[in-house]
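Peer 1: One file is attached below, protein.csv, containing CSV, C-alpha atoms and all ligand atoms.
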chain,number,residue,atom,x,y,z
V,12,MET,CA,0.0,0.0,0.0
V,13,ASN,CA,1.3,3.5,-0.8
V,14,THR,CA,2.0,5.8,2.2
V,15,PRO,CA,2.4,9.5,1.7
V,16,ASP,CA,6.1,9.0,1.4
V,17,THR,CA,5.8,6.4,-1.3
V,18,VAL,CA,3.1,7.9,-3.5
V,19,ARG,CA,4.6,8.1,-6.9
V,20,GLN,CA,4.2,11.1,-9.2
V,21,LYS,CA,2.2,10.7,-12.4
V,22,LEU,CA,4.1,10.9,-15.6
V,23,LEU,CA,2.8,11.1,-19.1
V,24,LEU,CA,5.3,9.5,-21.4
V,25,HIS,CA,5.2,10.5,-25.1
V,26,THR,CA,5.6,7.2,-26.9
V,27,CYS,CA,6.7,7.1,-30.5
V,28,CYS,CA,6.3,3.3,-30.9
V,29,GLY,CA,6.1,0.0,-29.0
V,30,PRO,CA,9.9,-0.9,-29.1
V,31,CYS,CA,10.8,2.6,-27.9
V,32,LEU,CA,8.4,2.2,-25.0
V,33,THR,CA,10.1,-0.9,-23.6
V,34,HIS,CA,13.2,0.2,-21.9
V,35,PRO,CA,12.0,3.7,-20.8
V,36,PHE,CA,8.9,2.1,-19.2
V,37,GLN,CA,11.1,-0.4,-17.3
V,38,ILE,CA,13.2,2.5,-16.0
V,39,LEU,CA,10.5,4.9,-15.2
V,40,LYS,CA,8.0,2.5,-13.5
V,41,ARG,CA,10.2,2.3,-10.5
V,42,ARG,CA,9.8,6.0,-9.8
V,43,TYR,CA,6.6,7.1,-11.5
V,44,GLU,CA,3.1,6.0,-12.2
V,45,VAL,CA,3.5,6.0,-16.0
V,46,VAL,CA,0.8,6.6,-18.6
V,47,SER,CA,1.9,6.1,-22.2
V,48,PHE,CA,0.7,8.8,-24.7
V,49,PHE,CA,0.8,7.8,-28.4
V,50,TYR,CA,0.8,11.0,-30.4
V,51,ASN,CA,2.7,10.9,-33.7
V,52,PRO,CA,1.1,12.8,-36.5
V,53,ASN,CA,4.4,12.6,-38.3
V,54,ILE,CA,4.1,8.9,-39.1
V,55,GLN,CA,3.4,8.1,-42.8
V,56,PRO,CA,2.0,6.3,-44.6
V,57,GLN,CA,-1.1,5.4,-42.7
V,58,THR,CA,-0.4,1.7,-43.0
V,59,GLU,CA,2.8,2.3,-41.0
V,60,PHE,CA,1.0,4.6,-38.5
V,61,ARG,CA,-1.5,1.8,-37.8
V,62,LYS,CA,1.3,-0.8,-37.4
V,63,ARG,CA,3.2,1.3,-34.9
V,64,LEU,CA,0.0,2.0,-33.0
V,65,ALA,CA,-0.9,-1.7,-33.0
V,66,GLU,CA,2.6,-2.6,-31.6
V,67,THR,CA,2.2,0.0,-28.9
V,68,ARG,CA,-1.2,-1.4,-28.0
V,69,LYS,CA,0.3,-4.9,-27.9
V,70,LEU,CA,3.0,-3.9,-25.4
V,71,SER,CA,0.6,-1.9,-23.4
V,72,ALA,CA,-1.7,-4.9,-23.0
V,73,GLU,CA,1.2,-7.2,-22.3
V,74,TRP,CA,2.8,-5.1,-19.6
V,75,ASP,CA,-0.4,-3.4,-18.4
V,76,VAL,CA,0.7,0.1,-19.3
V,77,PRO,CA,-2.2,2.6,-19.4
V,78,LEU,CA,-2.3,4.0,-22.9
V,79,VAL,CA,-3.8,7.2,-24.2
V,80,GLU,CA,-4.1,7.4,-28.0
V,81,CYS,CA,-4.3,10.7,-29.9
V,82,THR,CA,-4.6,10.1,-33.6
V,83,GLU,CA,-5.2,13.7,-34.8
V,84,ASP,CA,-3.2,16.3,-36.6
V,85,SER,CA,-1.5,14.6,-39.5
V,86,ASP,CA,-2.7,17.5,-41.7
V,87,LEU,CA,-1.4,20.0,-39.2
V,88,TRP,CA,2.0,18.2,-39.1
V,89,ILE,CA,2.2,18.5,-42.9
V,90,GLN,CA,1.4,22.2,-42.8
V,91,SER,CA,3.8,22.8,-40.0
V,92,THR,CA,6.7,21.3,-41.8
V,93,LYS,CA,6.0,22.9,-45.2
V,94,GLY,CA,9.2,24.2,-46.8
V,95,LEU,CA,11.3,21.8,-44.7
V,96,GLU,CA,10.9,18.8,-46.9
V,97,GLN,CA,14.5,18.7,-48.0
V,98,GLU,CA,16.0,19.1,-44.5
V,99,PRO,CA,18.1,16.2,-43.5
V,100,GLU,CA,17.1,14.0,-40.6
V,101,GLY,CA,18.0,15.8,-37.4
V,102,GLY,CA,17.6,19.2,-39.0
V,103,ALA,CA,15.0,22.0,-38.8
V,104,ARG,CA,12.1,19.8,-39.8
V,105,CYS,CA,12.8,17.5,-36.8
V,106,LEU,CA,12.8,20.5,-34.4
V,107,VAL,CA,9.3,21.3,-35.5
V,108,CYS,CA,8.3,17.7,-35.2
V,109,TYR,CA,9.8,17.2,-31.7
V,110,ARG,CA,8.2,20.5,-30.5
V,111,MET,CA,4.7,19.6,-31.8
V,112,ARG,CA,4.7,16.2,-30.2
V,113,LEU,CA,6.2,17.4,-26.9
V,114,GLU,CA,3.8,20.4,-26.6
V,115,ARG,CA,0.8,18.2,-27.2
V,116,THR,CA,2.0,15.8,-24.6
V,117,ALA,CA,2.5,18.6,-22.0
V,118,ARG,CA,-1.0,19.9,-22.7
V,119,GLU,CA,-2.4,16.4,-22.2
V,120,ALA,CA,-0.5,15.9,-19.0
V,121,LEU,CA,-1.9,19.2,-17.7
V,122,SER,CA,-5.4,18.4,-18.7
V,123,ARG,CA,-5.2,15.1,-16.8
V,124,GLY,CA,-3.7,16.7,-13.7
V,125,MET,CA,-0.4,14.8,-14.1
V,126,ASP,CA,2.8,15.9,-12.5
V,127,CYS,CA,5.3,15.6,-15.4
V,128,PHE,CA,5.9,14.5,-18.9
V,129,SER,CA,8.7,13.0,-20.9
V,130,THR,CA,9.4,11.3,-24.2
V,131,THR,CA,10.8,8.0,-25.5
V,132,LEU,CA,12.4,9.8,-28.4
V,133,THR,CA,15.8,10.0,-26.7
V,134,LEU,CA,16.1,6.2,-26.8
V,135,SER,CA,17.1,6.4,-30.5
V,136,PRO,CA,20.9,6.7,-31.2
V,137,HIS,CA,19.8,9.1,-34.0
V,138,LYS,CA,18.1,11.6,-31.7
V,139,ARG,CA,20.1,14.0,-29.6
V,140,ALA,CA,19.1,14.5,-26.1
V,141,ASP,CA,20.8,17.9,-26.0
V,142,VAL,CA,18.5,19.0,-28.8
V,143,ILE,CA,15.3,17.5,-27.3
V,144,PHE,CA,15.8,18.6,-23.7
V,145,PRO,CA,15.7,22.4,-24.2
V,146,ILE,CA,12.5,22.0,-26.3
V,147,GLY,CA,10.9,20.0,-23.5
V,148,GLU,CA,12.1,22.3,-20.8
V,149,GLU,CA,10.9,25.4,-22.6
V,150,ILE,CA,7.5,23.9,-23.1
V,151,GLY,CA,7.3,22.7,-19.5
V,152,ASN,CA,8.3,26.1,-18.1
V,153,ARG,CA,5.9,28.0,-20.3
V,154,LEU,CA,2.9,25.7,-19.6
V,155,GLY,CA,3.8,25.0,-15.9
V,156,VAL,CA,4.3,21.2,-16.0
V,157,VAL,CA,7.7,19.5,-15.3
V,158,PHE,CA,9.6,18.0,-18.2
V,159,LEU,CA,11.6,15.0,-17.1
V,160,ALA,CA,14.9,15.2,-19.1
V,161,GLU,CA,16.0,11.6,-19.4
V,162,ASP,CA,18.3,10.3,-22.1
V,163,PHE,CA,17.1,6.7,-22.4
V,164,LYS,CA,19.8,5.6,-24.8
V,165,LYS,CA,22.4,5.9,-22.0
V,166,ARG,CA,23.7,2.8,-20.1
V,167,ASP,CA,22.9,0.6,-23.1
V,168,GLY,CA,19.3,1.6,-23.1
V,169,PHE,CA,19.0,1.2,-26.8
V,170,LYS,CA,20.5,-2.3,-26.7
V,171,ALA,CA,18.0,-3.2,-23.9
V,172,SER,CA,15.1,-2.1,-26.1
V,173,LEU,CA,16.4,-4.3,-28.9
V,174,ALA,CA,16.4,-7.3,-26.6
V,175,TRP,CA,12.9,-6.6,-25.2
V,176,SER,CA,11.5,-6.1,-28.7
V,177,ARG,CA,13.0,-9.4,-29.8
V,178,ASP,CA,11.7,-11.3,-26.8
V,179,LEU,CA,8.2,-9.8,-27.2
V,180,GLY,CA,8.2,-10.2,-31.0
V,181,LEU,CA,7.5,-6.5,-31.6
V,182,TYR,CA,7.7,-5.1,-35.1
V,183,ARG,CA,10.5,-2.6,-35.3
V,184,GLN,CA,10.4,-0.1,-38.1
V,185,ASN,CA,13.5,0.9,-40.1
V,186,TYR,CA,12.9,4.6,-40.6
V,187,CYS,CA,12.1,7.5,-38.3
V,188,GLY,CA,8.5,8.2,-39.3
V,189,CYS,CA,7.8,10.8,-42.0
V,190,LEU,CA,8.0,10.1,-45.7
V,191,PHE,CA,11.1,12.3,-46.0
V,192,SER,CA,12.9,10.1,-43.5
V,193,LEU,CA,11.7,7.0,-45.4
V,194,ARG,CA,13.1,8.5,-48.6
V,195,GLU,CA,16.4,9.3,-46.8
V,196,ALA,CA,16.7,5.8,-45.4
V,197,ARG,CA,16.2,4.3,-48.9
V,198,MET,CA,18.8,6.5,-50.4
V,199,ARG,CA,21.3,5.5,-47.6
V,200,LEU,CA,20.6,1.9,-48.3
V,201,GLU,CA,21.0,2.3,-52.1
V,202,ARG,CA,24.3,4.1,-51.6
V,203,LYS,CA,25.5,1.4,-49.3
V,204,ALA,CA,24.4,-1.3,-51.7
V,205,SER,CA,26.1,0.4,-54.7
V,206,GLN,CA,29.4,0.5,-52.7
V,207,LYS,CA,29.7,-3.2,-52.5
V,208,PRO,CA,29.6,-5.9,-55.1
V,209,HIS,CA,26.4,-8.0,-55.2
V,210,PRO,CA,26.5,-11.8,-55.4
V,211,PRO,CA,24.8,-12.8,-58.7
V,212,SER,CA,21.5,-13.9,-57.2
V,213,ALA,CA,21.2,-11.5,-54.3
V,214,GLY,CA,19.3,-8.2,-54.4
V,215,TYR,CA,19.2,-5.8,-51.6
V,216,PRO,CA,16.4,-4.7,-49.4
V,217,GLY,CA,14.6,-1.9,-51.2
V,218,LYS,CA,11.2,-0.3,-51.2
V,219,GLY,CA,8.7,-2.1,-49.1
V,220,SER,CA,11.2,-4.8,-48.0
V,221,GLY,CA,11.1,-3.6,-44.4
V,222,SER,CA,14.5,-4.8,-43.7
V,223,GLY,CA,18.0,-3.6,-43.6
V,224,ILE,CA,17.5,0.1,-43.9
V,225,ARG,CA,18.4,1.2,-40.4
V,226,GLY,CA,16.6,-0.9,-37.8
V,227,ASP,CA,17.2,1.5,-35.0
V,228,VAL,CA,14.2,3.7,-34.4
V,301,LIG,S1,12.8,12.6,-39.5
V,301,LIG,FE1,11.6,11.9,-37.8
V,301,LIG,S2,11.8,13.5,-36.2
V,301,LIG,FE2,12.4,14.3,-38.2
V,301,LIG,S3,10.6,15.2,-39.1
V,301,LIG,FE3,10.7,13.2,-39.9
V,301,LIG,S4,9.5,11.9,-38.4
V,301,LIG,FE4,9.9,13.9,-37.4
As structure tokens, how would this structure be written, given the file I've shared?
Ligand code: SF4
Peer 2:
Amino acid sequence: MNTPDTVRQKLLLHTCCGPCLTHPFQILKRRYEVVSFFYNPNIQPQTEFRKRLAETRKLSAEWDVPLVECTEDSDLWIQSTKGLEQEPEGGARCLVCYRMRLERTAREALSRGMDCFSTTLTLSPHKRADVIFPIGEEIGNRLGVVFLAEDFKKRDGFKASLAWSRDLGLYRQNYCGCLFSLREARMRLERKASQKPHPPSAGYPGKGSGSGIRGDV
């Protein structure tokens, strides 16, 4: 039974996908009452969006993680990133994308009377915590809800998420989320493939293969 000293704070955890929820949830559940918040208007195409949501639901059911789903705003995301289509991953488009998702999470936490919010985004080796933290902190200070700045990739966090995902049979995507990142991932793969000789009968994973592009988000 919780005594006043052991009552845990309520944390709304922005969740980009099932695999990225694994390790952060394991870390945070020791200290917080965690609710997962799936809000990712950046994910395209819709088939991919549905897959990532389905995997998040699967994990949430398996581990009994309360899940709030917000499936709005894909048009707003497209409008907000207009003119930034050619930005590389990690550039200006991503700043808009991070901000949009974190701000919505903070507002949801407030409306639910929760104590703090955070995000699973920092689990990815491709996402810099030192870029994400100031955005979360600025939003938290402005709206009056604490942003928990946690770099989940640290201490082999990303590796741990791979192991969890494998054990639970979770689908892991191979690009960040938007169509621009999908295009970038394919180009990277094509460049890599063109740099090494192919065995006569072997192709390389390309459009729609779902394997070998990056496997780390
Ligand atoms: S690359 Fe990822 S973080 Fe950047 S805009 Fe696309 S979906 Fe958002």
Peer 1: Looking at V:His137, V:Arg153, V:Arg63, V:Arg202, which one is nearest to Arg183 of chain V, with distances taken over all atoms listed in the file?
Peer 2: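 Smallest distance to Arg183 of chain V is found for V:Arg63.
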Peer 1: List as a VMD selection string the protein and nucleic acid residues lying within 9 Å of ligand LIG 301 (chain V), with all atoms listed in the file counted.
Peer 2: chain V and resid 51 to 55 92 95 to 96 98 to 109 132 138 186 to 193 195
Peer 1: Just the number, please: distance in Å from atom CA of Ala204 of chain V to atom CA of Gln57 of chain V, one decimal.
Peer 2: 27.9 Å
Peer 1: From the list V:Val157, V:Cys31, V:Val142, V:Leu22, which residue is nearest Met125 of chain V when using all atoms listed in the file?
Peer 2: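 Among V:Val157, V:Cys31, V:Val142, V:Leu22, it is V:Leu22 that comes nearest to Met125 of chain V.
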Peer 1: Residues near Phe163 of chain V, anyone? I mean within 7 Å using only C-alpha atoms, not counting same-chain ones fewer than 2 positions away, as a PDB file with C-alpha atoms, in the coordinates of the input.
Peer 2:
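Writing done, so here's around02.pdb:
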ATOM      1  CA  PRO V  35      12.000   3.700 -20.800  1.00  0.00           C
ATOM      2  CA  THR V 133      15.800  10.000 -26.700  1.00  0.00           C
ATOM      3  CA  LEU V 134      16.100   6.200 -26.800  1.00  0.00           C
ATOM      4  CA  GLU V 161      16.000  11.600 -19.400  1.00  0.00           C
ATOM      5  CA  LYS V 165      22.400   5.900 -22.000  1.00  0.00           C
ATOM      6  CA  GLY V 168      19.300   1.600 -23.100  1.00  0.00           C
TER       7      GLY V 168
END
Peer 1: Please provide as a PyMOL selection string all residues within 12 Å of Arg112 of chain V, with the sequence filter that same-chain residues fewer than 5 positions apart are discarded (counting all atoms listed in the file).
Peer 2: chain V and resi 24-27+48-54+81-85+87-88+91+105-107+117-119+128-132+143+146-147+150
Peer 1: My list of candidates is V:Asp162, V:Val79, V:Leu121, V:Glu114. Which is closest to Glu149 of chain V when distances are computed with all atoms listed in the file?
Peer 2: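 Answer, going by the shortest atom-to-atom distance: V:Glu114.
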Peer 1: Which residues are close to Gly29 of chain V, i.e. within 10 Å by all atoms listed in the file, leaving aside same-chain residues fewer than 5 positions away? Reply as an mmCIF file with C-alpha atoms, in the coordinates of the input.
Peer 2:
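New file part_2.cif:
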data_model
loop_
_atom_site.group_PDB
_atom_site.id
_atom_site.type_symbol
_atom_site.label_atom_id
_atom_site.label_comp_id
_atom_site.auth_asym_id
_atom_site.auth_seq_id
_atom_site.Cartn_x
_atom_site.Cartn_y
_atom_site.Cartn_z
ATOM 1 C CA PHE V 49 0.800 7.800 -28.400
ATOM 2 C CA LYS V 62 1.300 -0.800 -37.400
ATOM 3 C CA ARG V 63 3.200 1.300 -34.900
ATOM 4 C CA LEU V 64 0.000 2.000 -33.000
ATOM 5 C CA ALA V 65 -0.900 -1.700 -33.000
ATOM 6 C CA GLU V 66 2.600 -2.600 -31.600
ATOM 7 C CA THR V 67 2.200 0.000 -28.900
ATOM 8 C CA ARG V 68 -1.200 -1.400 -28.000
ATOM 9 C CA LYS V 69 0.300 -4.900 -27.900
ATOM 10 C CA LEU V 70 3.000 -3.900 -25.400
ATOM 11 C CA SER V 71 0.600 -1.900 -23.400
ATOM 12 C CA THR V 131 10.800 8.000 -25.500
ATOM 13 C CA SER V 172 15.100 -2.100 -26.100
ATOM 14 C CA SER V 176 11.500 -6.100 -28.700
ATOM 15 C CA LEU V 181 7.500 -6.500 -31.600
ATOM 16 C CA TYR V 182 7.700 -5.100 -35.100
ATOM 17 C CA ARG V 183 10.500 -2.600 -35.300
#
Peer 1: Do you have the atom CA of Glu80 of chain V-atom CA of Phe158 of chain V distance handy?
Peer 2: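 Interatomic distance, atom CA of Glu80 of chain V to atom CA of Phe158 of chain V: 19.9 Å.
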Peer 1: Closest to Phe169 of chain V among V:Leu32, V:Leu78, V:Val45, V:Leu23, using all atoms listed in the file?
Peer 2: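 The answer is V:Leu32, which sits nearest to Phe169 of chain V.
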Peer 1: Quote the spacing between atom CA of Leu113 of chain V and atom CA of Ala140 of chain V in Å to one decimal place.
Peer 2: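 So the two atoms, atom CA of Leu113 of chain V and atom CA of Ala140 of chain V, lie 13.2 Å apart.
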